[in-house]
$ cat coords_31.csv   # CSV, C-alpha atoms and all ligand atoms
chain,number,residue,atom,x,y,z
A,1,MET,CA,0.0,0.0,0.0
A,2,SER,CA,1.3,3.4,-0.9
A,3,LYS,CA,1.5,5.9,1.9
A,4,TYR,CA,0.9,9.0,-0.4
A,5,THR,CA,-0.8,9.7,-3.7
A,6,ILE,CA,1.0,12.6,-5.3
A,7,THR,CA,0.2,14.4,-8.6
A,8,LEU,CA,3.0,14.4,-11.1
A,9,ILE,CA,3.0,16.8,-14.0
A,10,PRO,CA,5.8,15.9,-16.4
A,11,GLY,CA,5.6,19.3,-18.2
A,12,ASP,CA,7.1,20.6,-21.4
A,13,GLY,CA,10.6,20.6,-22.9
A,14,ILE,CA,13.0,19.1,-20.5
A,15,GLY,CA,10.2,18.5,-18.0
A,16,PRO,CA,9.7,14.8,-18.7
A,17,ASP,CA,13.5,14.1,-18.4
A,18,VAL,CA,13.9,15.9,-15.0
A,19,THR,CA,10.6,14.7,-13.5
A,20,ASN,CA,11.4,11.1,-14.5
A,21,ALA,CA,14.8,11.5,-12.8
A,22,ALA,CA,13.2,12.9,-9.7
A,23,ARG,CA,10.6,10.1,-9.6
A,24,LYS,CA,13.3,7.5,-9.8
A,25,VAL,CA,15.2,8.9,-6.9
A,26,LEU,CA,12.1,9.5,-4.7
A,27,ASP,CA,11.0,5.9,-5.5
A,28,ALA,CA,14.4,4.6,-4.5
A,29,ALA,CA,14.1,6.3,-1.1
A,30,GLY,CA,11.1,4.0,-0.4
A,31,VAL,CA,8.6,6.3,1.2
A,32,GLY,CA,5.7,4.7,-0.6
A,33,ILE,CA,4.5,7.2,-3.2
A,34,GLU,CA,1.9,6.4,-5.8
A,35,TRP,CA,2.2,8.9,-8.6
A,36,GLU,CA,-0.9,10.2,-10.4
A,37,VAL,CA,0.4,11.5,-13.7
A,38,VAL,CA,-1.5,14.3,-15.3
A,39,GLU,CA,-0.6,16.2,-18.4
A,40,ALA,CA,-0.5,20.0,-18.8
A,41,GLY,CA,1.3,22.5,-20.9
A,42,GLU,CA,1.9,23.4,-24.5
A,43,ALA,CA,2.2,19.7,-25.5
A,44,VAL,CA,-1.4,18.9,-24.6
A,45,ILE,CA,-3.2,21.9,-26.2
A,46,GLU,CA,-4.1,19.9,-29.3
A,47,LYS,CA,-5.4,16.9,-27.2
A,48,TYR,CA,-7.5,18.9,-24.7
A,49,GLY,CA,-8.0,22.3,-26.3
A,50,THR,CA,-6.3,24.0,-23.3
A,51,PRO,CA,-2.9,23.9,-21.7
A,52,LEU,CA,-4.5,23.4,-18.3
A,53,PRO,CA,-7.1,20.6,-18.4
A,54,ASP,CA,-9.6,20.4,-15.5
A,55,GLN,CA,-8.3,17.0,-14.4
A,56,VAL,CA,-4.9,18.6,-13.5
A,57,LEU,CA,-6.5,21.0,-11.0
A,58,GLU,CA,-8.8,18.2,-9.8
A,59,SER,CA,-5.9,15.9,-9.2
A,60,ILE,CA,-3.9,18.4,-7.3
A,61,ARG,CA,-6.9,19.5,-5.2
A,62,ARG,CA,-7.6,15.8,-4.3
A,63,ASN,CA,-4.0,14.9,-3.5
A,64,LYS,CA,-2.9,18.3,-2.0
A,65,VAL,CA,0.7,17.7,-3.1
A,66,ALA,CA,2.2,17.8,-6.6
A,67,LEU,CA,5.6,17.6,-8.2
A,68,LYS,CA,5.7,19.5,-11.4
A,69,GLY,CA,8.0,19.9,-14.4
A,70,PRO,CA,8.4,23.3,-16.1
A,71,LEU,CA,5.7,24.4,-18.5
A,72,THR,CA,6.4,26.5,-21.6
A,73,THR,CA,4.8,30.0,-21.9
A,74,PRO,CA,4.9,31.7,-25.3
A,75,VAL,CA,6.7,35.0,-25.2
A,76,GLY,CA,4.8,38.2,-26.2
A,77,THR,CA,1.7,36.5,-27.6
A,78,GLY,CA,-0.3,33.3,-27.2
A,79,PHE,CA,-1.9,31.8,-24.1
A,80,ARG,CA,-1.2,33.1,-20.6
A,81,SER,CA,1.2,31.3,-18.3
A,82,VAL,CA,-0.2,28.0,-17.0
A,83,ASN,CA,2.3,28.3,-14.1
A,84,VAL,CA,0.7,31.5,-13.1
A,85,ALA,CA,-2.8,30.1,-13.6
A,86,LEU,CA,-2.0,27.1,-11.4
A,87,ARG,CA,-0.6,29.3,-8.6
A,88,LYS,CA,-3.6,31.6,-8.7
A,89,GLU,CA,-6.3,28.9,-9.1
A,90,LEU,CA,-4.9,26.9,-6.1
A,91,ASP,CA,-4.0,30.0,-4.1
A,92,LEU,CA,-0.4,28.9,-3.8
A,93,TYR,CA,0.5,32.3,-2.4
A,94,ALA,CA,4.1,31.6,-1.3
A,95,ASN,CA,6.9,30.7,-3.7
A,96,VAL,CA,9.8,29.4,-1.7
A,97,ARG,CA,13.2,29.0,-3.3
A,98,PRO,CA,16.1,28.0,-1.1
A,99,VAL,CA,19.6,28.5,-2.5
A,100,ARG,CA,22.7,27.1,-0.9
A,101,ASN,CA,26.1,25.9,-2.0
A,102,LEU,CA,26.4,22.2,-2.8
A,103,PRO,CA,29.8,20.3,-2.6
A,104,ARG,CA,31.8,20.6,-5.8
A,105,VAL,CA,29.2,22.6,-7.6
A,106,PRO,CA,31.1,25.4,-9.4
A,107,SER,CA,30.2,28.7,-7.9
A,108,ARG,CA,31.8,32.1,-7.3
A,109,TYR,CA,30.7,32.2,-3.7
A,110,GLU,CA,30.9,30.1,-0.5
A,111,ASN,CA,28.6,30.0,2.5
A,112,VAL,CA,25.5,31.0,0.6
A,113,ASP,CA,22.3,29.9,2.4
A,114,ILE,CA,19.4,32.0,1.4
A,115,VAL,CA,15.7,31.4,1.2
A,116,VAL,CA,13.8,33.5,-1.3
A,117,VAL,CA,10.1,33.9,-0.4
A,118,ARG,CA,8.2,35.4,-3.3
A,119,GLU,CA,4.6,36.5,-3.3
A,120,ASN,CA,2.9,34.4,-5.9
A,121,THR,CA,-0.6,35.8,-6.6
A,122,GLU,CA,-0.5,39.6,-7.4
A,123,ASP,CA,1.8,42.4,-8.4
A,124,LEU,CA,2.5,42.9,-12.2
A,125,TYR,CA,2.0,39.1,-12.5
A,126,ALA,CA,-1.8,39.7,-12.2
A,127,GLY,CA,-1.4,40.1,-16.0
A,128,ILE,CA,-3.9,43.0,-16.1
A,129,GLU,CA,-2.6,44.8,-19.2
A,130,HIS,CA,-4.0,46.3,-22.3
A,131,MET,CA,-3.1,48.5,-25.3
A,132,VAL,CA,-3.9,52.2,-25.0
A,133,GLY,CA,-4.4,53.0,-28.7
A,134,LYS,CA,-1.9,51.5,-31.0
A,135,ASN,CA,1.3,52.9,-29.6
A,136,ALA,CA,1.1,52.6,-25.9
A,137,ALA,CA,0.5,49.7,-23.5
A,138,GLU,CA,-0.5,49.7,-19.8
A,139,SER,CA,0.0,47.1,-17.1
A,140,ILE,CA,-1.6,47.3,-13.7
A,141,LYS,CA,0.4,46.5,-10.6
A,142,ILE,CA,-1.8,45.2,-7.8
A,143,ILE,CA,-0.5,45.1,-4.2
A,144,THR,CA,-2.9,44.4,-1.4
A,145,ARG,CA,-2.5,44.6,2.4
A,146,GLU,CA,-3.9,41.1,2.8
A,147,ALA,CA,-1.5,39.3,0.3
A,148,SER,CA,1.5,41.4,1.6
A,149,GLU,CA,0.7,40.5,5.2
A,150,ARG,CA,0.3,36.8,4.4
A,151,ILE,CA,3.6,36.5,2.5
A,152,VAL,CA,5.6,38.5,5.1
A,153,ARG,CA,4.1,36.5,7.9
A,154,PHE,CA,5.0,33.3,6.0
A,155,ALA,CA,8.6,34.5,5.6
A,156,PHE,CA,8.9,35.2,9.4
A,157,GLU,CA,7.3,31.9,10.3
A,158,LEU,CA,9.7,30.0,7.9
A,159,ALA,CA,12.6,31.9,9.5
A,160,ARG,CA,11.5,30.8,13.0
A,161,LYS,CA,10.8,27.2,12.0
A,162,GLU,CA,14.2,26.9,10.3
A,163,GLY,CA,16.1,28.7,13.0
A,164,ARG,CA,17.1,31.6,10.7
A,165,ARG,CA,18.3,35.0,12.0
A,166,LYS,CA,17.1,37.7,9.6
A,167,VAL,CA,14.3,38.6,7.1
A,168,THR,CA,15.1,41.2,4.4
A,169,ALA,CA,12.2,42.8,2.5
A,170,GLY,CA,13.0,44.0,-1.0
A,171,HIS,CA,10.9,46.9,-2.6
A,172,LYS,CA,11.0,50.0,-4.6
A,173,ALA,CA,8.9,52.1,-2.3
A,174,ASN,CA,11.0,55.3,-3.0
A,175,ILE,CA,9.5,55.3,-6.5
A,176,MET,CA,6.3,53.3,-6.2
A,177,LYS,CA,5.1,54.9,-3.0
A,178,CYS,CA,1.6,53.4,-3.2
A,179,THR,CA,2.1,49.8,-4.2
A,180,ASP,CA,5.6,49.0,-2.9
A,181,GLY,CA,5.0,51.6,-0.1
A,182,LEU,CA,2.1,49.5,1.1
A,183,PHE,CA,4.2,46.3,0.9
A,184,LEU,CA,6.9,47.9,3.0
A,185,GLU,CA,4.5,49.4,5.5
A,186,VAL,CA,2.9,46.0,6.1
A,187,ALA,CA,6.3,44.3,6.3
A,188,ARG,CA,7.4,46.7,9.0
A,189,GLU,CA,4.2,46.1,10.9
A,190,VAL,CA,4.4,42.3,10.7
A,191,ALA,CA,8.1,42.4,11.8
A,192,LYS,CA,7.0,43.8,15.2
A,193,ASP,CA,5.4,40.5,15.9
A,194,TYR,CA,8.7,38.7,15.5
A,195,PRO,CA,11.2,40.5,17.9
A,196,ASP,CA,13.4,37.3,17.9
A,197,ILE,CA,14.2,37.8,14.2
A,198,GLU,CA,16.1,40.7,12.8
A,199,PHE,CA,14.3,42.7,10.1
A,200,GLU,CA,15.6,45.0,7.4
A,201,ASP,CA,14.4,46.4,4.2
A,202,ARG,CA,16.3,47.2,1.0
A,203,ILE,CA,15.5,49.0,-2.2
A,204,ILE,CA,15.5,46.2,-4.8
A,205,ASP,CA,18.3,47.5,-7.0
A,206,ALA,CA,20.6,48.0,-4.0
A,207,LEU,CA,19.6,44.5,-2.8
A,208,CYS,CA,20.7,43.0,-6.1
A,209,MET,CA,24.1,44.7,-5.9
A,210,LYS,CA,24.6,43.6,-2.3
A,211,LEU,CA,23.5,40.0,-3.2
A,212,VAL,CA,26.3,39.7,-5.7
A,213,GLN,CA,28.8,41.5,-3.5
A,214,SER,CA,28.2,39.7,-0.3
A,215,PRO,CA,25.5,37.0,-0.5
A,216,SER,CA,26.3,35.5,2.9
A,217,ASP,CA,24.9,38.7,4.5
A,218,PHE,CA,21.4,37.5,3.6
A,219,ASP,CA,19.2,34.8,5.1
A,220,VAL,CA,15.5,35.0,4.3
A,221,LEU,CA,14.4,37.4,1.5
A,222,VAL,CA,10.7,38.4,1.1
A,223,LEU,CA,9.7,40.0,-2.1
A,224,PRO,CA,6.7,41.0,-4.2
A,225,ASN,CA,6.0,38.7,-7.2
A,226,LEU,CA,8.1,40.3,-10.0
A,227,TYR,CA,11.2,41.2,-7.9
A,228,GLY,CA,10.9,37.7,-6.4
A,229,ASP,CA,11.0,36.1,-9.8
A,230,ILE,CA,14.1,38.0,-10.9
A,231,VAL,CA,16.0,37.8,-7.7
A,232,SER,CA,15.4,34.1,-7.3
A,233,ASP,CA,17.2,33.5,-10.7
A,234,LEU,CA,19.9,35.8,-9.5
A,235,CYS,CA,20.3,33.8,-6.3
A,236,ALA,CA,20.3,30.5,-8.3
A,237,GLY,CA,23.3,32.0,-10.2
A,238,LEU,CA,25.1,32.5,-6.9
A,239,VAL,CA,25.3,28.8,-6.2
A,240,GLY,CA,25.8,27.2,-9.6
A,241,GLY,CA,22.9,28.0,-11.8
A,242,LEU,CA,19.3,26.9,-12.6
A,243,GLY,CA,20.3,23.3,-12.8
A,244,VAL,CA,20.5,23.1,-9.0
A,245,ALA,CA,17.7,25.5,-7.8
A,246,PRO,CA,14.6,23.9,-6.4
A,247,GLY,CA,11.3,25.6,-5.5
A,248,ALA,CA,7.9,25.2,-3.9
A,249,ASN,CA,4.6,26.9,-4.3
A,250,ILE,CA,2.7,26.7,-1.0
A,251,GLY,CA,-0.8,27.5,0.0
A,252,ASP,CA,-2.7,26.9,3.2
A,253,GLU,CA,-3.7,23.4,2.1
A,254,ILE,CA,-1.9,22.6,-1.2
A,255,ALA,CA,1.7,22.6,-2.2
A,256,VAL,CA,3.2,22.2,-5.7
A,257,PHE,CA,7.0,21.6,-5.9
A,258,GLU,CA,8.9,22.5,-9.0
A,259,PRO,CA,12.4,23.5,-10.1
A,260,VAL,CA,13.1,27.3,-10.6
A,261,HIS,CA,14.2,26.7,-14.2
A,262,GLY,CA,11.9,26.6,-17.2
A,263,SER,CA,11.4,24.1,-20.0
A,264,ALA,CA,14.7,24.9,-21.8
A,265,PRO,CA,13.3,23.8,-25.2
A,266,LYS,CA,16.7,23.5,-26.9
A,267,TYR,CA,17.5,20.6,-24.6
A,268,ALA,CA,14.1,18.9,-24.9
A,269,GLY,CA,14.2,15.1,-25.1
A,270,MET,CA,18.0,15.1,-25.1
A,271,ASP,CA,18.4,13.5,-21.6
A,272,LYS,CA,21.1,16.1,-21.0
A,273,VAL,CA,20.1,18.7,-18.4
A,274,ASP,CA,20.8,18.6,-14.6
A,275,PRO,CA,18.1,16.7,-12.7
A,276,LEU,CA,19.2,18.2,-9.3
A,277,ALA,CA,16.8,21.1,-9.3
A,278,THR,CA,13.8,18.8,-9.6
A,279,ILE,CA,15.2,16.1,-7.3
A,280,LEU,CA,15.9,18.9,-4.6
A,281,SER,CA,12.3,20.1,-5.2
A,282,GLY,CA,11.3,16.5,-4.4
A,283,VAL,CA,13.4,16.7,-1.2
A,284,MET,CA,11.5,19.8,-0.2
A,285,MET,CA,8.3,17.9,-0.9
A,286,LEU,CA,9.4,15.0,1.4
A,287,LYS,CA,10.1,17.6,4.2
A,288,HIS,CA,6.7,19.1,3.6
A,289,LEU,CA,5.2,15.6,4.1
A,290,GLY,CA,7.2,15.1,7.3
A,291,GLU,CA,9.5,12.5,5.7
A,292,PHE,CA,12.7,14.1,7.1
A,293,GLU,CA,14.7,10.9,7.3
A,294,ALA,CA,14.2,10.0,3.6
A,295,ALA,CA,14.9,13.7,2.6
A,296,ASP,CA,18.2,13.5,4.5
A,297,ARG,CA,19.1,10.2,2.9
A,298,ILE,CA,18.5,11.7,-0.6
A,299,LEU,CA,20.6,14.8,0.3
A,300,LYS,CA,23.4,12.6,1.4
A,301,ALA,CA,23.2,10.5,-1.8
A,302,ILE,CA,23.3,13.7,-3.9
A,303,GLU,CA,26.3,15.0,-2.0
A,304,GLU,CA,28.1,11.7,-2.4
A,305,VAL,CA,27.5,11.7,-6.2
A,306,LEU,CA,28.7,15.3,-6.4
A,307,VAL,CA,31.9,14.6,-4.4
A,308,GLU,CA,32.6,11.4,-6.4
A,309,GLY,CA,32.3,13.5,-9.6
A,310,LYS,CA,31.7,10.6,-12.0
A,311,HIS,CA,28.1,11.1,-12.9
A,312,LEU,CA,27.6,14.8,-13.4
A,313,THR,CA,25.6,16.6,-16.1
A,314,TYR,CA,27.2,19.2,-18.4
A,315,ASP,CA,26.5,22.2,-16.2
A,316,LEU,CA,28.4,20.6,-13.4
A,317,GLY,CA,31.4,20.0,-15.6
A,318,GLY,CA,30.5,16.4,-16.5
A,319,THR,CA,29.2,14.4,-19.4
A,320,ALA,CA,26.6,12.2,-17.8
A,321,LYS,CA,23.0,12.1,-19.0
A,322,THR,CA,20.1,13.3,-16.8
A,323,SER,CA,19.1,9.6,-16.3
A,324,GLU,CA,22.6,8.5,-15.5
A,325,MET,CA,23.0,11.1,-12.8
A,326,ALA,CA,19.6,10.2,-11.3
A,327,ALA,CA,20.5,6.5,-11.5
A,328,ALA,CA,23.8,7.1,-9.6
A,329,ILE,CA,21.9,9.0,-6.8
A,330,ALA,CA,19.2,6.3,-6.7
A,331,ALA,CA,21.8,3.6,-6.5
A,332,ARG,CA,23.1,5.0,-3.2
A,333,LEU,CA,19.6,4.8,-1.6
A,401,LIG,P1,14.9,28.1,-18.9
A,401,LIG,O1,15.0,28.1,-17.4
A,401,LIG,O2,14.0,27.1,-19.5
A,401,LIG,O3,16.3,27.9,-19.5
A,401,LIG,C1,17.4,28.9,-19.6
A,401,LIG,C2,18.7,28.2,-19.7
A,401,LIG,O4,19.1,27.7,-18.4
A,401,LIG,C3,18.7,26.9,-20.5
A,401,LIG,O5,18.9,27.2,-21.9
A,401,LIG,C4,19.9,26.2,-19.9
A,401,LIG,O6,21.1,26.7,-20.4
A,401,LIG,C5,19.8,26.5,-18.5
A,401,LIG,N1,19.0,25.5,-17.7
A,401,LIG,C6,17.7,25.5,-17.4
A,401,LIG,N2,17.4,24.3,-16.7
A,401,LIG,C7,18.6,23.6,-16.6
A,401,LIG,C8,18.9,22.4,-16.0
A,401,LIG,N3,18.0,21.6,-15.4
A,401,LIG,N4,20.2,21.9,-16.2
A,401,LIG,C9,21.1,22.7,-16.8
A,401,LIG,N5,20.8,23.9,-17.3
A,401,LIG,C10,19.6,24.3,-17.3
A,401,LIG,O7,14.5,29.6,-19.2
A,401,LIG,P2,13.9,30.2,-20.6
A,401,LIG,O8,14.6,29.6,-21.7
A,401,LIG,O9,13.8,31.6,-20.4
A,401,LIG,O10,12.4,29.6,-20.6
A,401,LIG,C11,12.0,28.5,-21.4
A,401,LIG,C12,10.5,28.3,-21.2
A,401,LIG,O11,10.2,27.9,-19.9
A,401,LIG,C13,9.6,29.6,-21.4
A,401,LIG,O12,8.5,29.2,-22.1
A,401,LIG,C14,9.2,30.0,-20.0
A,401,LIG,O13,8.0,30.7,-20.0
A,401,LIG,C15,9.2,28.7,-19.3
A,401,LIG,N6,9.4,28.8,-17.8
A,401,LIG,C16,8.6,28.0,-17.1
A,401,LIG,C17,8.8,28.0,-15.7
A,401,LIG,C18,7.9,27.0,-14.9
A,401,LIG,O14,7.3,26.1,-15.4
A,401,LIG,N7,7.8,27.2,-13.6
A,401,LIG,C19,9.8,28.7,-15.1
A,401,LIG,C20,10.6,29.5,-15.9
A,401,LIG,C21,10.4,29.5,-17.3
$ encode --input "coords_31.csv" --output "structure tokens" --more "lines below"
Ligand code: NAD
Amino acid sequence: MSKYTITLIPGDGIGPDVTNAARKVLDAAGVGIEWEVVEAGEAVIEKYGTPLPDQVLESIRRNKVALKGPLTTPVGTGFRSVNVALRKELDLYANVRPVRNLPRVPSRYENVDIVVVRENTEDLYAGIEHMVGKNAAESIKIITREASERIVRFAFELARKEGRRKVTAGHKANIMKCTDGLFLEVAREVAKDYPDIEFEDRIIDALCMKLVQSPSDFDVLVLPNLYGDIVSDLCAGLVGGLGVAPGANIGDEIAVFEPVHGSAPKYAGMDKVDPLATILSGVMMLKHLGEFEAADRILKAIEEVLVEGKHLTYDLGGTAKTSEMAAAIAARL
């Protein structure tokens, strides 16, 4: 009997390669997962007439937990992002992206251990935009007290739970006095409820500079949606790139785990890219389920494979295929 039924969305592009790899590793850890595979994304539009068929949302609502590969979003024109739709439909308001150095993963920095907490439901990502005549376009940035309070509180609670020392809020309240001003005001108010955790705020451009100058100064970052999107890729770059950056989208009841990276179409079907971002997303999922022992075993197996250096994908300086690296990790479990 399986202990958990979990929704698995293979996704577009490199999605099937990396989710297969993660599935193999999680299965080898033996926690008893039954995978309910549902299709979404560009690849299923012809079959279902939509990139987000109803059964995908139904499956996630039923199982409460999902592991997801990246989904392609056309740039400039075409359908709206399925990733954004999923987060909004399921009210997955917190996007959590931890970044830390892994052994032997090439990086310019040491001692990076940051968790990016990104608001996931509003801001410019609400996608409320339109043309004003032929030669101008307008996009509306929505920031609410409710969503800001929820995400800042989430960041402080995470800091407390993980024994972290500081929360830094990023904003551009000097220019966007209403929207970012509200976010900052709420962050300062919420911070008063957590006197045990240091709080600071930084203007987003200065925060970016400080992050590349001295990333070990930072601990938990809390950011509105768009800055969070950009800064989490920046942070992935601090520890070796998108190949090793995991993520989670968390709501009050439902959680969807996925790598930070996208569908990297040029590598689709090549069994070439790094599976670690998705495997580490699976590790976050196990911790969410309370399976700490299995999560630790997988982390140890990953570290052993990295240190041994024989089964690494191209981004880590090796020549192994996605499936070979996953098999090497699974073999240690
Ligand atoms: P991307 O993250 O797909 O790829 C950018 C580059 O990063 C790749 O070309 C590759 O060099 C590297 N990379 C990404 N994943 C890697 C891995 N696992 N191992 C090694 N290297 C890796 O970004 P993009 O090219 O801007 O976007 C492609 C598509 O993905 C777009 O349609 C975009 O909308 C979508 N996307 C989806 C998600 C999601 O599903 N959550 C997130 C980001 C982008």
$ residues_around --input "coords_31.csv" --residues "Arg80 of chain A" --least-positions-apart "2" --cutoff "12 Å" --atoms "only C-alpha atoms" --output "PyMOL selection string"
chain A and resi 41-42+50-52+71-78+82-86+125-129
$ closest_atom_pairs --input "coords_31.csv" --of "chain A" --to "ligand LIG 401 (chain A)" --cutoff "8 Å" --atoms "only C-alpha atoms and all ligand atoms" --output "Markdown table"
| residue | atom | partner | partner_atom | distance |
| --- | --- | --- | --- | --- |
| A:Gly11 | CA | A:LIG401 | O14 | 7.5 |
| A:Gly13 | CA | A:LIG401 | C12 | 7.9 |
| A:Ile14 | CA | A:LIG401 | N3 | 7.6 |
| A:Val18 | CA | A:LIG401 | N3 | 7.0 |
| A:Lys68 | CA | A:LIG401 | O14 | 7.9 |
| A:Gly69 | CA | A:LIG401 | O14 | 6.3 |
| A:Pro70 | CA | A:LIG401 | O14 | 3.1 |
| A:Leu71 | CA | A:LIG401 | O14 | 3.9 |
| A:Thr72 | CA | A:LIG401 | O12 | 3.5 |
| A:Thr73 | CA | A:LIG401 | O13 | 3.8 |
| A:Pro74 | CA | A:LIG401 | O12 | 5.4 |
| A:Val75 | CA | A:LIG401 | O12 | 6.8 |
| A:Ser81 | CA | A:LIG401 | O13 | 7.0 |
| A:Val82 | CA | A:LIG401 | O14 | 7.9 |
| A:Asn83 | CA | A:LIG401 | O14 | 5.6 |
| A:Gly241 | CA | A:LIG401 | N5 | 7.2 |
| A:Leu242 | CA | A:LIG401 | N2 | 5.2 |
| A:Gly243 | CA | A:LIG401 | C8 | 3.6 |
| A:Val244 | CA | A:LIG401 | N3 | 7.0 |
| A:Glu258 | CA | A:LIG401 | N7 | 6.7 |
| A:Pro259 | CA | A:LIG401 | N7 | 6.9 |
| A:Val260 | CA | A:LIG401 | C19 | 5.8 |
| A:His261 | CA | A:LIG401 | O1 | 3.6 |
| A:Gly262 | CA | A:LIG401 | O2 | 3.2 |
| A:Ser263 | CA | A:LIG401 | O11 | 4.0 |
| A:Ala264 | CA | A:LIG401 | O2 | 3.3 |
| A:Pro265 | CA | A:LIG401 | C11 | 6.2 |
| A:Lys266 | CA | A:LIG401 | O5 | 6.6 |
| A:Tyr267 | CA | A:LIG401 | O5 | 7.3 |
| A:Lys272 | CA | A:LIG401 | N4 | 7.6 |
| A:Val273 | CA | A:LIG401 | N4 | 3.9 |
| A:Asp274 | CA | A:LIG401 | N4 | 3.7 |
| A:Pro275 | CA | A:LIG401 | N3 | 5.6 |
| A:Leu276 | CA | A:LIG401 | N3 | 7.1 |
| A:Ala277 | CA | A:LIG401 | N3 | 6.2 |
| A:Thr278 | CA | A:LIG401 | N3 | 7.7 |
| A:Thr313 | CA | A:LIG401 | N4 | 7.6 |
| A:Tyr314 | CA | A:LIG401 | C9 | 7.2 |
| A:Asp315 | CA | A:LIG401 | C9 | 5.5 |
$ closest_residue --input "coords_31.csv" --among "A:Phe257, A:Phe292, A:Phe218, A:Tyr4" --to "Gly32 of chain A" --atoms "only C-alpha atoms"
A:Tyr4
$ atom_distance --input "coords_31.csv" --atom1 "atom CA of Ile230 of chain A" --atom2 "atom CA of Val256 of chain A"
19.9 Å
$ atom_distance --input "coords_31.csv" --atom1 "atom CA of Pro195 of chain A" --atom2 "atom CA of Arg165 of chain A"
10.7 Å
$ atom_distance --input "coords_31.csv" --atom1 "atom CA of Ser216 of chain A" --atom2 "atom CA of Ala22 of chain A"
29.0 Å
$ closest_residue --input "coords_31.csv" --among "A:Met131, A:Leu184, A:Met1, A:Ile114" --to "Ala245 of chain A" --atoms "only C-alpha atoms"
A:Ile114
$ closest_residue --input "coords_31.csv" --among "A:Lys3, A:Arg104, A:Arg150, A:Lys141" --to "Gly317 of chain A" --atoms "all atoms listed in the file"
A:Arg104
$ closest_residue --input "coords_31.csv" --among "A:Val239, A:Arg160, A:Leu299, A:Ala29" --to "Ser281 of chain A" --atoms "only C-alpha atoms"
A:Leu299
$ residues_around --input "coords_31.csv" --residues "Lys88 of chain A" --least-positions-apart "5" --cutoff "8 Å" --atoms "all atoms listed in the file" --output "number ranges by chain"
A: 93, 120-121
$ closest_residue --input "coords_31.csv" --among "A:Tyr194, A:His288, A:Gly30, A:Asp123" --to "Glu253 of chain A" --atoms "only C-alpha atoms"
A:His288
$ closest_residue --input "coords_31.csv" --among "A:Arg145, A:Ile254, A:Ala327, A:Asp54" --to "Val190 of chain A" --atoms "all atoms listed in the file"
A:Arg145
$ residues_around --input "coords_31.csv" --residues "Glu198 of chain A" --least-positions-apart "5" --cutoff "9 Å" --atoms "only C-alpha atoms" --output "ChimeraX atom specification"
/A:165-168,191
$ residues_around --input "coords_31.csv" --residues "Leu211 of chain A" --least-positions-apart "2" --cutoff "12 Å" --atoms "all atoms listed in the file" --output "VMD selection string"
chain A and resid 109 112 to 114 116 168 170 202 204 to 209 213 to 219 221 231 to 239
$ residues_around --input "coords_31.csv" --residues "Val65 of chain A" --least-positions-apart "4" --cutoff "12 Å" --atoms "all atoms listed in the file" --output "PyMOL selection string"
chain A and resi 4-9+33-36+56-61+90+92+248-258+282+284-289
$ axis_aligned_box --input "coords_31.csv" --around "segment 134-146 of chain A" --padding-each-side "5 Å" --output "AutoDock Vina command-line options"
--center_x -1.3 --center_y 47.0 --center_z -14.1 --size_x 15.2 --size_y 21.8 --size_z 43.8
$ build_atoms --input "coords_31.csv" --residues "segment 149-159 of chain A" --atoms "N, CA and C atoms" --output "PDB file, keeping the file's coordinate frame"
ATOM      1  N   GLU A 149       0.615  40.964   3.833  1.00  0.00           N
ATOM      2  CA  GLU A 149       0.700  40.500   5.200  1.00  0.00           C
ATOM      3  C   GLU A 149       0.936  38.968   5.251  1.00  0.00           C
ATOM      4  N   ARG A 150       0.174  38.276   4.403  1.00  0.00           N
ATOM      5  CA  ARG A 150       0.300  36.800   4.400  1.00  0.00           C
ATOM      6  C   ARG A 150       1.661  36.347   4.001  1.00  0.00           C
ATOM      7  N   ILE A 151       2.267  37.002   3.004  1.00  0.00           N
ATOM      8  CA  ILE A 151       3.600  36.500   2.500  1.00  0.00           C
ATOM      9  C   ILE A 151       4.680  36.923   3.542  1.00  0.00           C
ATOM     10  N   VAL A 152       4.568  38.106   4.132  1.00  0.00           N
ATOM     11  CA  VAL A 152       5.600  38.500   5.100  1.00  0.00           C
ATOM     12  C   VAL A 152       5.533  37.620   6.328  1.00  0.00           C
ATOM     13  N   ARG A 153       4.318  37.350   6.767  1.00  0.00           N
ATOM     14  CA  ARG A 153       4.100  36.500   7.900  1.00  0.00           C
ATOM     15  C   ARG A 153       4.711  35.069   7.616  1.00  0.00           C
ATOM     16  N   PHE A 154       4.436  34.603   6.400  1.00  0.00           N
ATOM     17  CA  PHE A 154       5.000  33.300   6.000  1.00  0.00           C
ATOM     18  C   PHE A 154       6.485  33.294   6.069  1.00  0.00           C
ATOM     19  N   ALA A 155       7.113  34.392   5.627  1.00  0.00           N
ATOM     20  CA  ALA A 155       8.600  34.500   5.600  1.00  0.00           C
ATOM     21  C   ALA A 155       9.113  34.435   7.080  1.00  0.00           C
ATOM     22  N   PHE A 156       8.466  35.168   7.973  1.00  0.00           N
ATOM     23  CA  PHE A 156       8.900  35.200   9.400  1.00  0.00           C
ATOM     24  C   PHE A 156       8.693  33.786  10.015  1.00  0.00           C
ATOM     25  N   GLU A 157       7.552  33.182   9.721  1.00  0.00           N
ATOM     26  CA  GLU A 157       7.300  31.900  10.300  1.00  0.00           C
ATOM     27  C   GLU A 157       8.322  30.843   9.798  1.00  0.00           C
ATOM     28  N   LEU A 158       8.662  30.940   8.508  1.00  0.00           N
ATOM     29  CA  LEU A 158       9.700  30.000   7.900  1.00  0.00           C
ATOM     30  C   LEU A 158      11.021  30.279   8.639  1.00  0.00           C
ATOM     31  N   ALA A 159      11.348  31.560   8.849  1.00  0.00           N
ATOM     32  CA  ALA A 159      12.600  31.900   9.500  1.00  0.00           C
ATOM     33  C   ALA A 159      12.638  31.248  10.912  1.00  0.00           C
TER      34      ALA A 159
END
